[in-house]
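Shown here: target_12.txt, compact mmCIF, C-alpha atoms and all ligand atoms.
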```
# COMPACT_ATOMS: atom_id res chain seq x y z
CA MET X 1123 0.81 -1.18 29.03
CA ALA X 1124 -2.05 0.27 27.05
CA GLY X 1125 -3.40 0.08 23.55
CA ILE X 1126 -5.24 2.17 21.01
CA TYR X 1127 -7.95 0.56 18.90
CA ILE X 1128 -9.05 2.47 15.79
CA HIS X 1129 -12.32 1.49 14.15
CA ILE X 1130 -12.53 1.94 10.39
CA PRO X 1131 -16.28 1.69 9.67
CA PHE X 1132 -16.26 0.90 5.95
CA CYS X 1133 -16.63 -2.33 4.01
CA LYS X 1134 -16.92 -3.06 0.29
CA GLN X 1135 -19.96 -5.27 0.85
CA ALA X 1136 -21.89 -6.65 3.78
CA CYS X 1137 -21.02 -10.18 4.84
CA HIS X 1138 -24.23 -12.07 5.58
CA TYR X 1139 -23.35 -12.91 9.18
CA CYS X 1140 -21.93 -9.57 10.29
CA ASP X 1141 -23.38 -7.26 12.92
CA PHE X 1142 -20.35 -4.99 13.36
CA HIS X 1143 -20.67 -1.29 12.65
CA PHE X 1144 -19.76 -0.38 9.05
CA SER X 1145 -21.04 1.44 6.01
CA THR X 1146 -20.67 0.28 2.42
CA SER X 1147 -20.67 3.88 1.23
CA LEU X 1148 -17.25 5.53 1.24
CA LYS X 1149 -18.72 9.01 0.72
CA LYS X 1150 -17.74 10.22 4.18
CA LYS X 1151 -14.31 8.59 4.21
CA ASP X 1152 -12.25 11.79 4.22
CA GLU X 1153 -14.40 13.43 6.88
CA LEU X 1154 -14.19 10.33 8.98
CA ILE X 1155 -10.40 10.13 8.76
CA ASN X 1156 -10.19 13.78 9.84
CA ALA X 1157 -12.49 12.99 12.76
CA LEU X 1158 -10.34 10.03 13.83
CA VAL X 1159 -7.29 12.26 13.83
CA LYS X 1160 -9.19 14.88 15.82
CA GLU X 1161 -10.51 12.35 18.35
CA LEU X 1162 -6.96 11.15 18.96
CA GLU X 1163 -6.00 14.73 19.72
CA LEU X 1164 -9.06 15.42 21.93
CA ARG X 1165 -8.46 12.35 24.09
CA LYS X 1166 -4.72 12.56 24.60
CA GLU X 1167 -5.08 13.55 28.28
CA GLU X 1168 -6.69 10.16 29.00
CA PHE X 1169 -3.35 8.50 28.28
CA LYS X 1170 -1.13 11.07 29.98
CA ASN X 1171 1.93 9.25 31.39
CA ILE X 1172 0.83 6.02 29.74
CA THR X 1173 2.89 4.31 27.07
CA VAL X 1174 1.05 2.98 24.05
CA GLU X 1175 2.36 -0.45 23.17
CA THR X 1176 -0.19 -1.54 20.61
CA ILE X 1177 -2.12 0.18 17.85
CA TYR X 1178 -4.84 -1.86 16.20
CA PHE X 1179 -6.79 -0.97 13.07
CA GLY X 1180 -10.04 -2.95 13.23
CA GLY X 1181 -13.38 -2.65 11.55
CA GLY X 1182 -15.13 -2.72 9.25
CA THR X 1183 -12.32 -3.20 6.81
CA PRO X 1184 -9.30 -1.01 7.60
CA SER X 1185 -7.56 -2.14 4.41
CA VAL X 1186 -10.04 -0.05 2.37
CA LEU X 1187 -7.95 2.94 3.50
CA SER X 1188 -4.84 3.69 1.46
CA ASN X 1189 -1.43 3.46 3.08
CA GLU X 1190 -1.25 7.26 3.10
CA GLU X 1191 -4.56 7.47 4.97
CA LEU X 1192 -3.44 4.89 7.51
CA GLN X 1193 -0.14 6.74 7.92
CA LEU X 1194 -2.01 9.97 8.65
CA ILE X 1195 -3.78 8.28 11.57
CA ILE X 1196 -0.58 6.63 12.82
CA ASP X 1197 1.13 10.03 12.73
CA ALA X 1198 -1.68 11.46 14.89
CA VAL X 1199 -1.04 8.71 17.44
CA TYR X 1200 2.68 9.52 17.52
CA ILE X 1201 2.08 13.28 17.77
CA ASN X 1202 -0.34 13.03 20.69
CA TYR X 1203 0.79 9.96 22.67
CA ASP X 1204 3.86 8.43 24.14
CA VAL X 1205 4.41 5.39 21.91
CA ASP X 1206 6.68 2.52 22.85
CA ARG X 1207 9.85 2.17 20.77
CA ASN X 1208 8.69 -1.11 19.35
CA PRO X 1209 4.89 -1.08 19.23
CA GLU X 1210 2.76 -3.82 17.73
CA ILE X 1211 0.76 -2.17 14.93
CA THR X 1212 -1.89 -4.45 13.44
CA LEU X 1213 -3.93 -3.96 10.30
CA GLU X 1214 -7.02 -6.07 9.76
CA ALA X 1215 -7.10 -6.64 6.02
CA ASN X 1216 -9.26 -8.45 3.53
CA PRO X 1217 -7.60 -10.49 0.75
CA ASP X 1218 -9.21 -8.46 -2.06
CA ASP X 1219 -7.44 -5.32 -0.78
CA LEU X 1220 -4.02 -6.93 -0.53
CA SER X 1221 -2.60 -6.86 -4.05
CA VAL X 1222 1.08 -7.72 -4.54
CA GLN X 1223 1.85 -4.01 -4.91
CA ARG X 1224 -0.19 -3.05 -1.85
CA ILE X 1225 1.58 -5.57 0.36
CA ASN X 1226 4.93 -4.36 -0.89
CA ASP X 1227 3.94 -0.74 -0.19
CA LEU X 1228 2.71 -1.64 3.31
CA THR X 1229 6.29 -2.45 4.26
CA ASN X 1230 6.99 1.29 4.01
CA THR X 1231 4.49 1.99 6.81
CA PRO X 1232 5.04 1.22 10.52
CA ILE X 1233 2.40 -1.55 10.32
CA ASN X 1234 4.13 -4.73 11.44
CA ARG X 1235 1.31 -7.23 11.89
CA LEU X 1236 -1.39 -8.30 9.43
CA SER X 1237 -4.61 -9.99 10.44
CA ILE X 1238 -6.07 -11.36 7.22
CA GLY X 1239 -9.79 -12.14 7.00
CA VAL X 1240 -9.64 -15.37 5.00
CA GLN X 1241 -12.56 -17.16 6.73
CA SER X 1242 -12.45 -20.11 4.29
CA PHE X 1243 -10.54 -21.38 1.27
CA PHE X 1244 -13.74 -22.84 -0.23
CA GLU X 1245 -15.79 -20.87 -2.75
CA THR X 1246 -19.07 -22.34 -1.44
CA ASP X 1247 -18.38 -21.04 2.10
CA LEU X 1248 -17.23 -17.63 0.86
CA LYS X 1249 -20.37 -17.25 -1.27
CA LEU X 1250 -22.64 -18.34 1.58
CA MET X 1251 -21.01 -15.73 3.82
CA ASN X 1252 -21.01 -13.11 1.00
CA ARG X 1253 -17.32 -12.34 1.42
CA ALA X 1254 -15.88 -9.85 -1.08
CA HIS X 1255 -12.94 -12.10 -2.00
CA ASN X 1256 -12.58 -15.51 -3.60
CA ALA X 1257 -10.40 -18.44 -2.59
CA ASP X 1258 -7.66 -17.70 -5.15
CA GLU X 1259 -7.34 -14.13 -3.94
CA ALA X 1260 -6.93 -15.41 -0.39
CA LYS X 1261 -4.19 -17.85 -1.41
CA THR X 1262 -2.24 -15.34 -3.52
CA CYS X 1263 -2.45 -12.66 -0.87
CA ILE X 1264 -1.16 -14.94 1.90
CA GLU X 1265 1.68 -16.18 -0.32
CA GLU X 1266 2.74 -12.59 -1.00
CA ALA X 1267 2.17 -11.36 2.56
CA THR X 1268 4.43 -14.06 4.02
CA LYS X 1269 7.28 -12.81 1.81
CA TYR X 1270 7.22 -9.42 3.52
CA PHE X 1271 5.66 -9.90 6.98
CA ASP X 1272 6.51 -12.53 9.54
CA ASN X 1273 3.79 -11.54 12.04
CA ILE X 1274 0.63 -12.67 10.26
CA SER X 1275 -2.65 -13.95 11.63
CA LEU X 1276 -5.32 -15.67 9.53
CA ASP X 1277 -9.01 -15.61 10.48
CA LEU X 1278 -11.04 -18.74 9.79
CA ILE X 1279 -14.72 -19.45 10.46
CA TYR X 1280 -16.02 -22.88 11.43
CA GLY X 1281 -19.54 -24.23 11.76
CA VAL X 1282 -20.53 -22.98 8.29
CA PRO X 1283 -23.76 -24.73 7.18
CA GLY X 1284 -22.99 -27.41 4.62
CA ALA X 1285 -19.23 -27.50 5.35
CA SER X 1286 -18.27 -31.02 6.45
CA ASN X 1287 -15.62 -31.83 9.04
CA THR X 1288 -13.37 -33.07 6.21
CA GLN X 1289 -13.73 -29.75 4.41
CA TRP X 1290 -12.97 -27.92 7.66
CA LEU X 1291 -9.82 -29.97 8.16
CA GLU X 1292 -8.74 -29.08 4.61
CA ASN X 1293 -9.25 -25.41 5.45
CA ILE X 1294 -7.01 -25.74 8.50
CA GLU X 1295 -4.37 -27.64 6.54
CA MET X 1296 -4.39 -25.01 3.82
CA ALA X 1297 -3.87 -22.27 6.42
CA LEU X 1298 -1.04 -24.26 8.01
CA SER X 1299 0.67 -24.71 4.65
CA TYR X 1300 1.61 -21.01 4.68
CA ASN X 1301 3.48 -21.38 7.96
CA VAL X 1302 1.88 -18.35 9.60
CA PRO X 1303 2.46 -17.97 13.35
CA HIS X 1304 -1.09 -17.07 14.42
CA ILE X 1305 -4.62 -18.23 13.63
CA SER X 1306 -7.88 -16.82 15.00
CA SER X 1307 -10.95 -18.90 14.50
CA TYR X 1308 -14.56 -18.19 15.38
CA ALA X 1309 -17.75 -20.20 15.21
CA LEU X 1310 -20.24 -18.78 12.75
CA THR X 1311 -22.87 -17.19 14.96
CA VAL X 1312 -26.27 -16.16 13.77
CA GLU X 1313 -26.77 -12.62 15.02
CA PRO X 1314 -30.32 -11.24 15.01
CA LYS X 1315 -31.24 -8.94 12.13
CA THR X 1316 -28.44 -10.19 9.86
CA ALA X 1317 -29.02 -11.52 6.35
CA LEU X 1318 -27.87 -14.92 7.59
CA ALA X 1319 -30.58 -14.98 10.27
CA SER X 1320 -33.19 -14.09 7.68
CA PHE X 1321 -31.97 -16.72 5.13
CA ILE X 1322 -32.05 -19.40 7.82
CA LYS X 1323 -35.52 -18.35 8.90
CA LYS X 1324 -36.75 -18.56 5.29
CA GLY X 1325 -35.09 -21.96 4.84
CA ILE X 1326 -32.74 -20.66 2.10
CA ILE X 1327 -29.71 -21.66 4.19
CA ASP X 1328 -29.55 -24.57 6.64
CA ALA X 1329 -29.39 -23.68 10.33
CA VAL X 1330 -26.01 -23.68 12.02
CA ASP X 1331 -25.45 -27.10 13.61
CA ASP X 1332 -24.06 -26.46 17.12
CA GLU X 1333 -22.95 -30.06 17.50
CA GLN X 1334 -20.93 -29.84 14.29
CA ALA X 1335 -19.44 -26.48 15.32
CA HIS X 1336 -18.39 -28.12 18.58
CA GLU X 1337 -16.72 -30.99 16.67
CA GLN X 1338 -14.97 -28.56 14.33
CA PHE X 1339 -13.66 -26.58 17.30
CA HIS X 1340 -12.01 -29.76 18.60
CA ILE X 1341 -10.62 -30.65 15.16
CA LEU X 1342 -9.09 -27.18 15.03
CA LYS X 1343 -7.64 -27.36 18.52
CA GLU X 1344 -6.14 -30.80 18.01
CA LYS X 1345 -4.62 -29.99 14.63
CA LEU X 1346 -3.12 -26.66 15.63
CA GLU X 1347 -1.72 -27.94 18.92
CA GLU X 1348 -0.13 -30.82 17.00
CA GLU X 1349 1.60 -28.19 14.86
CA GLY X 1350 3.04 -26.32 17.85
CA PHE X 1351 0.40 -23.61 18.26
CA ILE X 1352 -0.59 -22.62 21.79
CA HIS X 1353 -4.31 -22.29 22.37
CA TYR X 1354 -4.01 -19.15 24.47
CA GLU X 1355 -7.59 -17.87 24.14
CA LEU X 1356 -10.81 -19.60 23.19
CA SER X 1357 -10.61 -18.30 19.59
CA ASN X 1358 -6.86 -17.68 19.30
CA PHE X 1359 -3.86 -19.87 18.60
CA GLY X 1360 -0.30 -18.58 18.42
CA LYS X 1361 3.24 -19.86 18.14
CA PRO X 1362 5.42 -18.79 21.10
CA ASN X 1363 6.19 -15.03 20.93
CA TYR X 1364 3.39 -14.45 18.44
CA PHE X 1365 0.36 -14.04 20.70
CA SER X 1366 -1.55 -10.87 19.79
CA LYS X 1367 -0.26 -8.26 22.22
CA ASN X 1368 -3.27 -6.09 21.56
CA ASN X 1369 -5.86 -8.75 22.34
CA SER X 1370 -3.87 -10.19 25.25
CA ALA X 1371 -3.97 -6.74 26.82
CA TYR X 1372 -7.81 -6.72 26.63
CA TRP X 1373 -8.02 -10.14 28.18
CA GLN X 1374 -5.67 -9.16 30.97
CA GLY X 1375 -7.79 -6.12 31.83
CA LYS X 1376 -5.35 -3.44 30.59
CA SER X 1377 -6.56 -0.01 29.52
CA TYR X 1378 -7.36 0.79 25.93
CA LEU X 1379 -8.66 3.75 24.04
CA GLY X 1380 -11.24 3.04 21.34
CA ILE X 1381 -11.22 5.63 18.56
CA GLY X 1382 -13.91 5.89 15.89
CA PRO X 1383 -17.63 5.18 15.66
CA SER X 1384 -18.79 2.23 17.82
CA ALA X 1385 -15.31 1.79 19.34
CA HIS X 1386 -15.16 0.73 23.00
CA SER X 1387 -12.75 2.06 25.62
CA TYR X 1388 -11.72 0.85 29.07
CA ASN X 1389 -9.65 2.56 31.74
CA GLY X 1390 -9.74 0.07 34.60
CA ARG X 1391 -12.75 1.68 36.27
CA GLN X 1392 -15.02 2.73 33.44
CA ARG X 1393 -16.11 1.39 30.11
CA GLY X 1394 -17.10 3.68 27.27
CA TRP X 1395 -18.56 3.27 23.84
CA ASN X 1396 -18.62 5.73 20.97
CA VAL X 1397 -21.80 6.41 19.02
CA ARG X 1398 -22.47 3.71 16.39
CA ASN X 1399 -23.24 6.11 13.54
CA ASN X 1400 -20.71 7.68 11.16
CA SER X 1401 -22.55 10.99 10.60
CA LYS X 1402 -23.27 11.56 14.30
CA TYR X 1403 -19.69 10.66 15.16
CA ILE X 1404 -18.23 13.08 12.61
CA LYS X 1405 -20.58 15.90 13.63
CA ALA X 1406 -19.79 15.55 17.34
CA ILE X 1407 -16.04 15.49 16.79
CA GLN X 1408 -16.26 18.51 14.46
CA ASN X 1409 -17.96 20.32 17.39
CA LYS X 1410 -15.11 19.18 19.65
CA GLU X 1411 -17.48 16.92 21.60
CA LEU X 1412 -16.73 13.31 22.42
CA PRO X 1413 -19.62 11.10 21.23
CA ILE X 1414 -19.00 8.65 24.04
CA GLU X 1415 -21.21 7.10 26.69
CA MET X 1416 -19.42 6.06 29.87
CA GLU X 1417 -20.40 3.54 32.47
CA THR X 1418 -18.63 3.18 35.80
CA LEU X 1419 -18.16 -0.47 36.58
CA THR X 1420 -19.21 -1.79 39.95
CA GLN X 1421 -17.01 -4.25 41.79
CA THR X 1422 -19.44 -6.98 40.69
CA ASP X 1423 -19.14 -5.91 37.01
CA ARG X 1424 -15.36 -6.06 37.23
CA TYR X 1425 -15.49 -9.48 38.90
CA ASN X 1426 -17.86 -10.80 36.22
CA GLU X 1427 -15.63 -9.50 33.42
CA TYR X 1428 -12.57 -11.03 34.98
CA ILE X 1429 -14.29 -14.42 35.24
CA MET X 1430 -15.51 -14.25 31.63
CA THR X 1431 -12.14 -13.30 30.12
CA GLY X 1432 -10.09 -15.39 32.55
CA LEU X 1433 -11.90 -18.60 31.70
CA ARG X 1434 -11.42 -17.98 27.98
CA THR X 1435 -7.65 -17.71 28.31
CA ILE X 1436 -4.72 -19.93 29.09
CA TRP X 1437 -3.99 -17.73 32.13
CA GLY X 1438 -7.23 -18.77 33.85
CA VAL X 1439 -8.78 -17.05 36.87
CA SER X 1440 -6.36 -16.40 39.72
CA LEU X 1441 -8.04 -17.13 43.04
CA THR X 1442 -5.48 -14.91 44.76
CA LYS X 1443 -6.36 -12.03 42.46
CA VAL X 1444 -10.07 -12.56 43.08
CA GLU X 1445 -9.45 -12.36 46.83
CA THR X 1446 -7.12 -9.35 46.60
CA ASP X 1447 -9.19 -7.34 44.11
CA PHE X 1448 -12.72 -8.30 45.15
CA GLY X 1449 -12.51 -9.77 48.66
CA ARG X 1450 -12.91 -13.06 50.43
CA VAL X 1451 -16.67 -13.18 49.86
CA PHE X 1452 -16.18 -13.21 46.07
CA LYS X 1453 -13.50 -15.89 46.28
CA ASP X 1454 -15.66 -18.15 48.46
CA TYR X 1455 -18.63 -17.59 46.15
CA LEU X 1456 -16.52 -18.47 43.11
CA ILE X 1457 -15.22 -21.70 44.63
CA GLU X 1458 -18.66 -22.72 45.77
CA GLN X 1459 -20.22 -22.06 42.34
CA SER X 1460 -17.35 -23.84 40.58
CA ASN X 1461 -17.78 -27.12 42.45
CA VAL X 1462 -20.54 -28.46 40.24
CA PHE X 1463 -18.41 -27.86 37.11
CA ILE X 1464 -15.32 -29.31 38.76
CA ASN X 1465 -17.32 -32.47 39.51
CA GLN X 1466 -18.39 -32.61 35.84
CA HIS X 1467 -14.71 -32.27 34.76
CA LEU X 1468 -15.42 -28.98 32.99
CA LEU X 1469 -13.29 -26.86 35.37
CA TYR X 1470 -10.24 -27.61 37.48
CA ILE X 1471 -8.10 -25.74 40.00
CA ASP X 1472 -4.34 -25.90 39.66
CA ASP X 1473 -1.76 -23.68 41.32
CA ALA X 1474 -4.51 -21.45 42.76
CA HIS X 1475 -5.95 -20.83 39.27
CA LEU X 1476 -9.36 -21.86 38.02
CA ARG X 1477 -9.32 -23.04 34.41
CA VAL X 1478 -11.55 -24.86 31.94
CA THR X 1479 -10.67 -28.44 31.03
CA LYS X 1480 -10.39 -29.49 27.39
CA LYS X 1481 -13.96 -30.77 27.68
CA GLY X 1482 -15.18 -27.46 29.11
CA GLN X 1483 -13.37 -25.15 26.70
CA PHE X 1484 -16.05 -24.78 24.04
CA LEU X 1485 -18.59 -24.14 26.81
CA SER X 1486 -16.51 -21.59 28.69
CA ASP X 1487 -18.82 -18.58 28.13
CA GLY X 1488 -21.83 -20.49 29.45
CA ILE X 1489 -19.87 -21.79 32.44
CA ALA X 1490 -18.56 -18.28 33.20
CA SER X 1491 -22.10 -16.90 33.30
CA GLU X 1492 -22.97 -19.46 36.00
CA LEU X 1493 -20.11 -18.09 38.11
CA PHE X 1494 -21.21 -14.46 37.79
CA LYS X 1495 -22.45 -12.45 40.70
CA ILE X 1496 -25.60 -10.35 40.34
CA ASN X 1497 -25.48 -6.61 40.87
CA LEU X 1498 -27.80 -5.95 43.83
CA ALA X 1499 -27.79 -2.17 43.61
S1 LIG X 1501 -15.63 -7.41 6.09
FE1 LIG X 1501 -15.73 -7.77 8.31
S2 LIG X 1501 -16.74 -5.97 9.17
FE2 LIG X 1501 -17.10 -5.94 6.96
S3 LIG X 1501 -19.09 -6.89 6.68
FE3 LIG X 1501 -17.54 -8.52 6.46
S4 LIG X 1501 -17.26 -9.37 8.51
FE4 LIG X 1501 -18.36 -7.42 8.74
```

Rewrite the coordinates I just gave you, this time as structure tokens.
Amino acid sequence: MAGIYIHIPFCKQACHYCDFHFSTSLKKKDELINALVKELELRKEEFKNITVETIYFGGGTPSVLSNEELQLIIDAVYINYDVDRNPEITLEANPDDLSVQRINDLTNTPINRLSIGVQSFFETDLKLMNRAHNADEAKTCIEEATKYFDNISLDLIYGVPGASNTQWLENIEMALSYNVPHISSYALTVEPKTALASFIKKGIIDAVDDEQAHEQFHILKEKLEEEGFIHYELSNFGKPNYFSKNNSAYWQGKSYLGIGPSAHSYNGRQRGWNVRNNSKYIKAIQNKELPIEMETLTQTDRYNEYIMTGLRTIWGVSLTKVETDFGRVFKDYLIEQSNVFINQHLLYIDDAHLRVTKKGQFLSDGIASELFKINLA
């Protein structure tokens, strides 16, 4: 199984917390779409004899493209790759782009999964984050989307300064009221050089309270599990049969091709990343050059990645796989390093798999880093 990720690097306005690659100018949109189509063509040999089972439009804001523009890119995938008969095709979309008419028209494209960037149903939160939509737009768009799509995911952000636990619970309950089968939820993180970081530094916005974010994570987990959602990855909750196939493939170490500026690729041995600049990306592709930097992963890199992703997911870290793929030394090292966390009830071993306990879940990235091996080369 393999997937294609397509990065659409445009947004209507910059959210205060965001450090993804995007431009708020749409001037180069047509050139960029042509370049995406061309990159798909240039890289087809990388997926020779591989079936594409997921196509994911991420960003940026992919919903700023029209259905016709999205279809052009999907056509390029079908022309150049072997696509599964029933692929998962996801569109990340923002509520302000999803009018009633637009949603209706989307049903005429092969897109069969919507990931809607709601983030919050409260105006105060949306303003603080500088989202382009308001709460009413979010509600109307979800109501309409659920009439036409059954595979819908909503994104919510917790740990927003000033948002109480009660308000957070209301957000979750509002999301649940639409009966969607998938929810992704992330803690608001303060990335360096973002507007949020600068506002916090100047005292315009309160700092993010890690303790409160931790509490809100547990409120989320408890509420969604009560409603039949499976917490299958640190930030992802799905009803059975509705886990994101695209993201599950990343977490299980499957290959993916990242198309577009700043997109990352992985082929099992190497990781690559495209240039994070729209003009440089377009220019390179027009010259039939791939603007990609590749890094060959060492055995230690691959082990570290497996530990990081494994601990974040319901599948955990298979001790058998660690021994088979990396050797006995790695397995012994892992068990030895894990002991301290097992004694603190943050990790446990069950059925030859290492997993985080409920108590350890929110801390899984930090725990994983303590289990890493260091590259000695
Ligand atoms: S819409 Fe998404 S990608 Fe664009 S600025 Fe906001 S968070 Fe970042």

Ligand LIG 1501 (chain X): which residues are within 7 Å, counting all atoms listed in the file, as a PDB file with C-alpha atoms, keeping the file's coordinate frame?
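Resulting contents of selection_33.pdb:
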```pdb
ATOM      1  CA  PHE X1132     -16.260   0.900   5.950  1.00  0.00           C
ATOM      2  CA  CYS X1133     -16.630  -2.330   4.010  1.00  0.00           C
ATOM      3  CA  GLN X1135     -19.960  -5.270   0.850  1.00  0.00           C
ATOM      4  CA  ALA X1136     -21.890  -6.650   3.780  1.00  0.00           C
ATOM      5  CA  CYS X1137     -21.020 -10.180   4.840  1.00  0.00           C
ATOM      6  CA  CYS X1140     -21.930  -9.570  10.290  1.00  0.00           C
ATOM      7  CA  ASP X1141     -23.380  -7.260  12.920  1.00  0.00           C
ATOM      8  CA  PHE X1142     -20.350  -4.990  13.360  1.00  0.00           C
ATOM      9  CA  PHE X1144     -19.760  -0.380   9.050  1.00  0.00           C
ATOM     10  CA  GLY X1181     -13.380  -2.650  11.550  1.00  0.00           C
ATOM     11  CA  GLY X1182     -15.130  -2.720   9.250  1.00  0.00           C
ATOM     12  CA  THR X1183     -12.320  -3.200   6.810  1.00  0.00           C
ATOM     13  CA  ASN X1216      -9.260  -8.450   3.530  1.00  0.00           C
ATOM     14  CA  ARG X1253     -17.320 -12.340   1.420  1.00  0.00           C
TER      15      ARG X1253
END
```

Dump as JSON lines the rows for residues of stretch 1198-1237 of chain X within 10 Å of stretch 1361-1385 of chain X: closest atom pair and distance in Å with one decimal, only C-alpha atoms counted, ordered by chain and rising residue number.
```
{"residue": "X:Pro1209", "atom": "CA", "partner": "X:Lys1367", "partner_atom": "CA", "distance": 9.3}
{"residue": "X:Glu1210", "atom": "CA", "partner": "X:Lys1367", "partner_atom": "CA", "distance": 7.0}
{"residue": "X:Ile1211", "atom": "CA", "partner": "X:Asn1368", "partner_atom": "CA", "distance": 8.7}
{"residue": "X:Thr1212", "atom": "CA", "partner": "X:Asn1368", "partner_atom": "CA", "distance": 8.4}
{"residue": "X:Arg1235", "atom": "CA", "partner": "X:Ser1366", "partner_atom": "CA", "distance": 9.2}
{"residue": "X:Ser1237", "atom": "CA", "partner": "X:Ser1366", "partner_atom": "CA", "distance": 9.9}
```

Could you state the separation of atom CA of X:Gly1180 and atom CA of X:Val1439 in Å, given to one decimal place?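 So the two atoms, atom CA of X:Gly1180 and atom CA of X:Val1439, lie 27.6 Å apart.
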
Pick the closest to X:Ile1274 from X:Leu1476, X:Ile1464, X:Ile1233, X:Ile1436: which is it, counting only C-alpha atoms?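 Ranked by minimum distance to X:Ile1274, first place goes to X:Ile1233.
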
Suppose you want the space between atom CA of X:Glu1344 and atom CA of X:Asp1473; what is it in Å? 24.8 Å

Work out how far apart atom CA of X:Leu1493 and atom CA of X:Glu1458 are and give it in Å to one decimal.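 Atom-to-atom, atom CA of X:Leu1493 and atom CA of X:Glu1458 are spaced 9.1 Å apart.
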
One residue among X:Pro1283, X:Pro1413, X:Gly1360, X:Gly1438 is nearest to X:Ile1326 when using all atoms listed in the file, and that residue is X:Pro1283

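For the point (-17.3, -30.6, 20.4), the residues with an atom at a distance of at most 12 Å are X:Tyr1280, X:Gly1281, X:Asn1287, X:Ala1309, X:Asp1331, X:Asp1332, X:Glu1333, X:Gln1334, X:Ala1335, X:His1336, X:Glu1337, X:Gln1338, X:Phe1339, X:His1340, X:Ile1341, X:Leu1342, X:Lys1343, X:Glu1344, X:Lys1480, X:Lys1481, X:Gly1482, X:Gln1483, X:Phe1484, X:Leu1485, counting only C-alpha atoms.
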
Go through X:Phe1179, X:Asp1423, X:Pro1217, X:Phe1271 and flag the residue nearest X:Asn1256, using all atoms listed in the file for the distances.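 Answer, going by the shortest atom-to-atom distance: X:Pro1217.
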
Hey, what's within 9 Å of X:Val1205 if we count only C-alpha atoms and toss same-chain stuff fewer than 5 positions away? As a list in words, please? Ile1172, Thr1173, Val1174, Glu1175, Thr1176, Val1199 and Tyr1200 of chain X

Can you tell me which residues surround X:Tyr1270 at a distance of at most 12 Å, considering only C-alpha atoms, apart from same-chain residues fewer than 4 positions away, and format the answer as a compact mmCIF listing (two decimals) with C-alpha atoms, in the coordinates of the input?
```txt
# COMPACT_ATOMS: atom_id res chain seq x y z
CA VAL X 1222 1.08 -7.72 -4.54
CA GLN X 1223 1.85 -4.01 -4.91
CA ARG X 1224 -0.19 -3.05 -1.85
CA ILE X 1225 1.58 -5.57 0.36
CA ASN X 1226 4.93 -4.36 -0.89
CA ASP X 1227 3.94 -0.74 -0.19
CA LEU X 1228 2.71 -1.64 3.31
CA THR X 1229 6.29 -2.45 4.26
CA ASN X 1230 6.99 1.29 4.01
CA ILE X 1233 2.40 -1.55 10.32
CA ASN X 1234 4.13 -4.73 11.44
CA ARG X 1235 1.31 -7.23 11.89
CA LEU X 1236 -1.39 -8.30 9.43
CA CYS X 1263 -2.45 -12.66 -0.87
CA ILE X 1264 -1.16 -14.94 1.90
CA GLU X 1265 1.68 -16.18 -0.32
CA GLU X 1266 2.74 -12.59 -1.00
CA ILE X 1274 0.63 -12.67 10.26
```

For X:Leu1278, which residue out of X:Ile1155, X:Gln1241, X:His1304, X:Leu1468 is the nearest one, using all atoms listed in the file? X:Gln1241
